[in-house]
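*Asks:* Got target-v1.pdb for you, PDB, C-alpha atoms:
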ATOM      1  CA  MET A  13     118.698  35.185  66.116
ATOM      2  CA  ALA A  14     115.706  37.493  65.976
ATOM      3  CA  GLU A  15     114.559  36.148  69.322
ATOM      4  CA  ASP A  16     117.941  36.921  70.915
ATOM      5  CA  SER A  17     117.785  40.613  70.030
ATOM      6  CA  SER A  18     114.240  41.031  71.357
ATOM      7  CA  ARG A  19     114.768  39.207  74.664
ATOM      8  CA  ASP A  20     115.381  41.094  77.898
ATOM      9  CA  ARG A  21     119.037  41.565  78.661
ATOM     10  CA  LEU A  22     120.583  41.161  82.063
ATOM     11  CA  PRO A  23     121.698  44.387  83.764
ATOM     12  CA  PHE A  24     125.360  43.473  83.537
ATOM     13  CA  GLU A  25     125.264  42.001  80.041
ATOM     14  CA  PRO A  26     127.002  44.173  77.432
ATOM     15  CA  LYS A  27     124.881  45.463  74.593
ATOM     16  CA  ARG A  28     127.496  44.707  71.964
ATOM     17  CA  LYS A  29     130.936  43.258  71.713
ATOM     18  CA  ARG A  30     133.674  45.727  72.410
ATOM     19  CA  ASP A  31     136.534  46.166  70.027
ATOM     20  CA  LYS A  32     139.910  45.096  71.299
ATOM     21  CA  PRO A  33     142.226  47.989  72.114
ATOM     22  CA  PRO A  34     145.139  48.327  69.711
ATOM     23  CA  LYS A  35     148.343  46.692  70.843
ATOM     24  CA  LYS A  36     151.002  49.015  72.148
ATOM     25  CA  LYS A  37     154.320  49.146  70.405
ATOM     26  CA  PRO A  38     157.102  47.408  72.307
ATOM     27  CA  ALA A  39     159.388  49.635  74.333
ATOM     28  CA  THR A  40     162.810  50.459  73.035
ATOM     29  CA  ALA A  41     165.732  48.187  73.768
ATOM     30  CA  THR A  42     167.410  50.767  76.025
ATOM     31  CA  ALA A  43     164.427  50.864  78.351
ATOM     32  CA  LYS A  44     164.433  47.072  78.583
ATOM     33  CA  ALA A  45     168.150  47.009  79.328
ATOM     34  CA  SER A  46     167.813  49.576  82.104
ATOM     35  CA  ASP A  47     164.903  47.635  83.634
ATOM     36  CA  ARG A  48     166.975  44.462  83.573
ATOM     37  CA  SER A  49     169.931  46.151  85.241
ATOM     38  CA  GLU A  50     167.683  47.559  87.986
ATOM     39  CA  SER A  51     166.108  44.170  88.593
ATOM     40  CA  ALA A  52     169.542  42.552  88.611
ATOM     41  CA  LEU A  53     170.648  44.951  91.331
ATOM     42  CA  ASN A  54     167.569  44.183  93.431
ATOM     43  CA  ALA A  55     167.607  40.425  92.827
ATOM     44  CA  ILE A  56     168.947  37.952  95.357
ATOM     45  CA  PRO A  57     172.057  36.190  94.028
ATOM     46  CA  ASP A  58     171.651  32.483  93.250
ATOM     47  CA  ASP A  59     174.111  31.217  95.854
ATOM     48  CA  VAL A  60     172.466  33.323  98.570
ATOM     49  CA  SER A  61     168.990  32.089  97.627
ATOM     50  CA  ARG A  62     170.206  28.463  97.708
ATOM     51  CA  ARG A  63     171.673  29.014 101.183
ATOM     52  CA  MET A  64     168.383  30.573 102.297
ATOM     53  CA  GLY A  65     166.443  27.620 100.912
ATOM     54  CA  ARG A  66     168.653  25.094 102.690
ATOM     55  CA  ARG A  67     168.442  26.931 105.998
ATOM     56  CA  MET A  68     164.677  27.358 105.731
ATOM     57  CA  ALA A  69     164.281  23.663 104.915
ATOM     58  CA  ILE A  70     166.309  22.671 107.969
ATOM     59  CA  PHE A  71     165.099  25.211 110.527
ATOM     60  CA  CYS A  72     161.473  25.020 109.395
ATOM     61  CA  GLY A  73     161.223  21.514 107.995
ATOM     62  CA  VAL A  74     162.558  19.613 110.989
ATOM     63  CA  PRO A  75     160.163  21.102 113.602
ATOM     64  CA  THR A  76     157.220  20.960 111.197
ATOM     65  CA  GLY A  77     157.994  17.345 110.326
ATOM     66  CA  LEU A  78     158.235  16.504 114.016
ATOM     67  CA  GLY A  79     154.921  18.282 114.587
ATOM     68  CA  LEU A  80     153.242  16.170 111.931
ATOM     69  CA  SER A  81     154.816  12.930 113.108
ATOM     70  CA  SER A  82     153.973  13.689 116.744
ATOM     71  CA  PHE A  83     150.312  12.922 116.018
ATOM     72  CA  PHE A  84     151.239   9.413 114.908
ATOM     73  CA  ILE A  85     153.707   8.924 117.761
ATOM     74  CA  PHE A  86     151.163   9.978 120.379
ATOM     75  CA  TYR A  87     148.536   7.768 118.761
ATOM     76  CA  LEU A  88     150.913   4.807 118.888
ATOM     77  CA  PHE A  89     151.749   5.411 122.557
ATOM     78  CA  VAL A  90     148.130   5.789 123.607
ATOM     79  CA  SER A  91     146.735   2.944 121.473
ATOM     80  CA  GLN A  92     149.369   0.468 122.703
ATOM     81  CA  GLY A  93     148.826   1.529 126.309
ATOM     82  CA  TRP A  94     152.454   2.542 126.787
ATOM     83  CA  LEU A  95     151.533   6.010 127.964
ATOM     84  CA  GLU A  96     148.328   7.652 129.115
ATOM     85  CA  LEU A  97     148.206  11.242 127.848
ATOM     86  CA  PRO A  98     145.449  13.816 128.088
ATOM     87  CA  PRO A  99     144.536  15.437 124.748
ATOM     88  CA  TYR A 100     145.801  18.869 125.760
ATOM     89  CA  VAL A 101     149.371  17.520 125.995
ATOM     90  CA  VAL A 102     149.198  16.467 122.352
ATOM     91  CA  PHE A 103     147.793  19.877 121.474
ATOM     92  CA  TYR A 104     150.517  21.830 123.269
ATOM     93  CA  VAL A 105     153.374  19.687 121.972
ATOM     94  CA  THR A 106     152.232  20.003 118.367
ATOM     95  CA  LEU A 107     151.522  23.714 118.849
ATOM     96  CA  VAL A 108     155.077  24.271 120.079
ATOM     97  CA  LEU A 109     156.556  22.235 117.236
ATOM     98  CA  PHE A 110     154.542  24.045 114.560
ATOM     99  CA  GLY A 111     155.404  27.372 116.216
ATOM    100  CA  LEU A 112     159.081  26.458 116.065
ATOM    101  CA  GLY A 113     158.586  25.739 112.371
ATOM    102  CA  VAL A 114     157.227  29.248 111.796
ATOM    103  CA  VAL A 115     160.036  30.818 113.814
ATOM    104  CA  GLY A 116     162.534  28.609 111.982
ATOM    105  CA  LEU A 117     161.312  29.931 108.655
ATOM    106  CA  SER A 118     162.174  33.494 109.652
ATOM    107  CA  TYR A 119     165.411  32.410 111.305
ATOM    108  CA  GLY A 120     166.397  30.523 108.158
ATOM    109  CA  ILE A 121     166.147  33.702 106.108
ATOM    110  CA  LEU A 122     167.757  36.027 108.627
ATOM    111  CA  SER A 123     170.588  33.655 109.610
ATOM    112  CA  THR A 124     171.832  33.372 106.033
ATOM    113  CA  SER A 125     174.804  35.445 104.992
ATOM    114  CA  TRP A 126     173.426  37.943 102.476
ATOM    115  CA  GLU A 127     176.874  38.483 100.972
ATOM    116  CA  SER A 128     177.455  36.459  97.849
ATOM    117  CA  GLY A 129     180.990  35.219  98.499
ATOM    118  CA  ARG A 130     180.701  34.470 102.215
ATOM    119  CA  PRO A 131     178.852  31.297 103.304
ATOM    120  CA  GLY A 132     178.579  32.242 106.994
ATOM    121  CA  GLY A 133     178.553  30.084 110.105
ATOM    122  CA  TRP A 134     176.803  26.774 110.678
ATOM    123  CA  LEU A 135     174.101  28.115 113.010
ATOM    124  CA  GLY A 136     174.332  31.619 111.598
ATOM    125  CA  TRP A 137     173.972  33.564 114.847
ATOM    126  CA  GLN A 138     176.356  36.344 113.758
ATOM    127  CA  GLU A 139     174.547  36.676 110.446
ATOM    128  CA  PHE A 140     171.201  36.690 112.255
ATOM    129  CA  THR A 141     172.167  39.606 114.500
ATOM    130  CA  LEU A 142     173.645  41.514 111.550
ATOM    131  CA  ASN A 143     170.627  40.943 109.280
ATOM    132  CA  LEU A 144     168.113  41.667 112.047
ATOM    133  CA  GLY A 145     169.886  44.983 112.623
ATOM    134  CA  ARG A 146     169.599  45.703 108.903
ATOM    135  CA  VAL A 147     165.865  44.940 108.962
ATOM    136  CA  PHE A 148     165.240  47.234 111.943
ATOM    137  CA  GLU A 149     167.303  49.998 110.338
ATOM    138  CA  ALA A 150     165.266  49.690 107.126
ATOM    139  CA  TRP A 151     162.032  49.908 109.147
ATOM    140  CA  ARG A 152     163.271  53.031 110.958
ATOM    141  CA  THR A 153     164.258  54.661 107.677
ATOM    142  CA  PHE A 154     160.909  53.790 106.115
ATOM    143  CA  ARG A 155     158.979  55.217 109.082
ATOM    144  CA  GLN A 156     161.011  58.428 109.021
ATOM    145  CA  THR A 157     160.432  58.946 105.308
ATOM    146  CA  ALA A 158     156.724  58.159 105.733
ATOM    147  CA  LYS A 159     156.421  60.780 108.491
ATOM    148  CA  GLN A 160     158.129  63.403 106.334
ATOM    149  CA  LYS A 161     155.655  62.932 103.484
TER     150      LYS A 161
END
Take the structure from the file and write it as structure tokens.

*Replies:*
Amino acid sequence: MAEDSSRDRLPFEPKRKRDKPPKKKPATATAKASDRSESALNAIPDDVSRRMGRRMAIFCGVPTGLGLSSFFIFYLFVSQGWLELPPYVVFYVTLVLFGLGVVGLSYGILSTSWESGRPGGWLGWQEFTLNLGRVFEAWRTFRQTAKQK
């Protein structure tokens, strides 16, 4: 122990152990209740989030799955001699499929009905146009308030 105190310390090594700061007292129950009610107002309802998840899985999962399987399909075609393809065709096909997966992720969110009781249409085009309008309106409002500050 005597050797430890006399040795050279590293520049970032603390000289002594710091005391732990005292724990803060928990907030009152009314503050917790108001925080919960605010978060409940801002939270996405369960049925809406399930619809979003299903739509994202379909509109993103199918093209992404096809993009992954296209490597194996192209390999099978080329290795069996059924089709002679240059490598850039494989690249562009998989690029398009993965790109559709990314676009499908956004479309899956925006094509979902954001109203709790209304499931919306099968493809969700009406919901997409409505929700995209809401997003653009929120951006405009945010930009206007940012300019005013």

*Asks:* Return as a list in words the set of residues that the PyMOL selection byres ((chain A and resi 114) around 10) yields on the displayed structure.

*Replies:*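 The output of the PyMOL selection byres ((chain A and resi 114) around 10) on this file is Met68, Phe71, Cys72, Gly73, Pro75, Thr76, Val108, Leu109, Phe110, Gly111, Leu112, Gly113, Val115, Gly116, Leu117, Ser118, Tyr119 and Gly120 of chain A.
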
*Asks:* Please, what distance in Å, to one decimal, runs between atom CA of A:Val147 and atom CA of A:Ser61?

*Replies:*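 Atom CA of A:Val147 sits 17.4 Å away from atom CA of A:Ser61.
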
*Asks:* Looking at A:Ala158, A:Val102, A:Pro131, A:Trp94, which one is nearest to A:Ser81, with distances taken over only C-alpha atoms?

*Replies:*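 Residue with the minimum atom-to-atom distance to A:Ser81: A:Val102.
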
*Asks:* Could you check the closest approach to A:Leu135 for each of A:Ser123, A:Asn54, A:Ser91, A:Gln156 and tell me which residue wins, using only C-alpha atoms?

*Replies:*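 Of A:Ser123, A:Asn54, A:Ser91, A:Gln156, the one nearest A:Leu135 is A:Ser123, counting only C-alpha atoms.
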
*Asks:* For A:Leu142, find every residue with an atom within 12 Å (counting all atoms listed in the file), except residues of its own chain fewer than 5 positions away, and show them as number ranges by chain.

*Replies:* A: 122-127, 132, 136-137, 147-149

*Asks:* Write out the residues from the selection above, keeping C-alpha atoms, as a CSV table (one decimal), keeping the file's coordinate frame.

*Replies:*
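Generated output (selection-v6.csv):
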chain,number,residue,atom,x,y,z
A,122,LEU,CA,167.8,36.0,108.6
A,123,SER,CA,170.6,33.7,109.6
A,124,THR,CA,171.8,33.4,106.0
A,125,SER,CA,174.8,35.4,105.0
A,126,TRP,CA,173.4,37.9,102.5
A,127,GLU,CA,176.9,38.5,101.0
A,132,GLY,CA,178.6,32.2,107.0
A,136,GLY,CA,174.3,31.6,111.6
A,137,TRP,CA,174.0,33.6,114.8
A,147,VAL,CA,165.9,44.9,109.0
A,148,PHE,CA,165.2,47.2,111.9
A,149,GLU,CA,167.3,50.0,110.3

*Asks:* Edge lengths and centre in Å to one decimal, as lines of an AutoDock Vina configuration file, of the axis-aligned box that encloses all listed atoms of stretch 123-141 of chain A with 6 Å added on every side?

*Replies:*
center_x = 175.8
center_y = 33.2
center_z = 106.3
size_x = 22.4
size_y = 24.8
size_z = 29.0

*Asks:* Enter the distance from atom CA of A:Pro57 to atom CA of A:Arg152, in Å, rounded to one decimal.

*Replies:* 25.4 Å

*Asks:* With all atoms listed in the file as the atoms that count, which of A:Gly65, A:Ile70, A:Arg146, A:Leu80 lies nearest to A:Phe103?

*Replies:* A:Leu80

*Asks:* Find the distance between atom CA of A:Arg67 and atom CA of A:Thr153 and write it in Å to one decimal.

*Replies:*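 So the answer is 28.1 Å.
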
*Asks:* Would you translate the PyMOL selection byres ((chain A and resi 86) around 10) into the concrete set of residues it matches in this file, as a ChimeraX atom specification?

*Replies:* /A:81-85,87-92,94-97,99,101-102

*Asks:* When distances are computed from all atoms listed in the file, which of A:Leu78, A:Ile121, A:Gln160, A:Lys35 shows the smallest separation from A:Val60?

*Replies:*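 Smallest distance to A:Val60 is found for A:Ile121.
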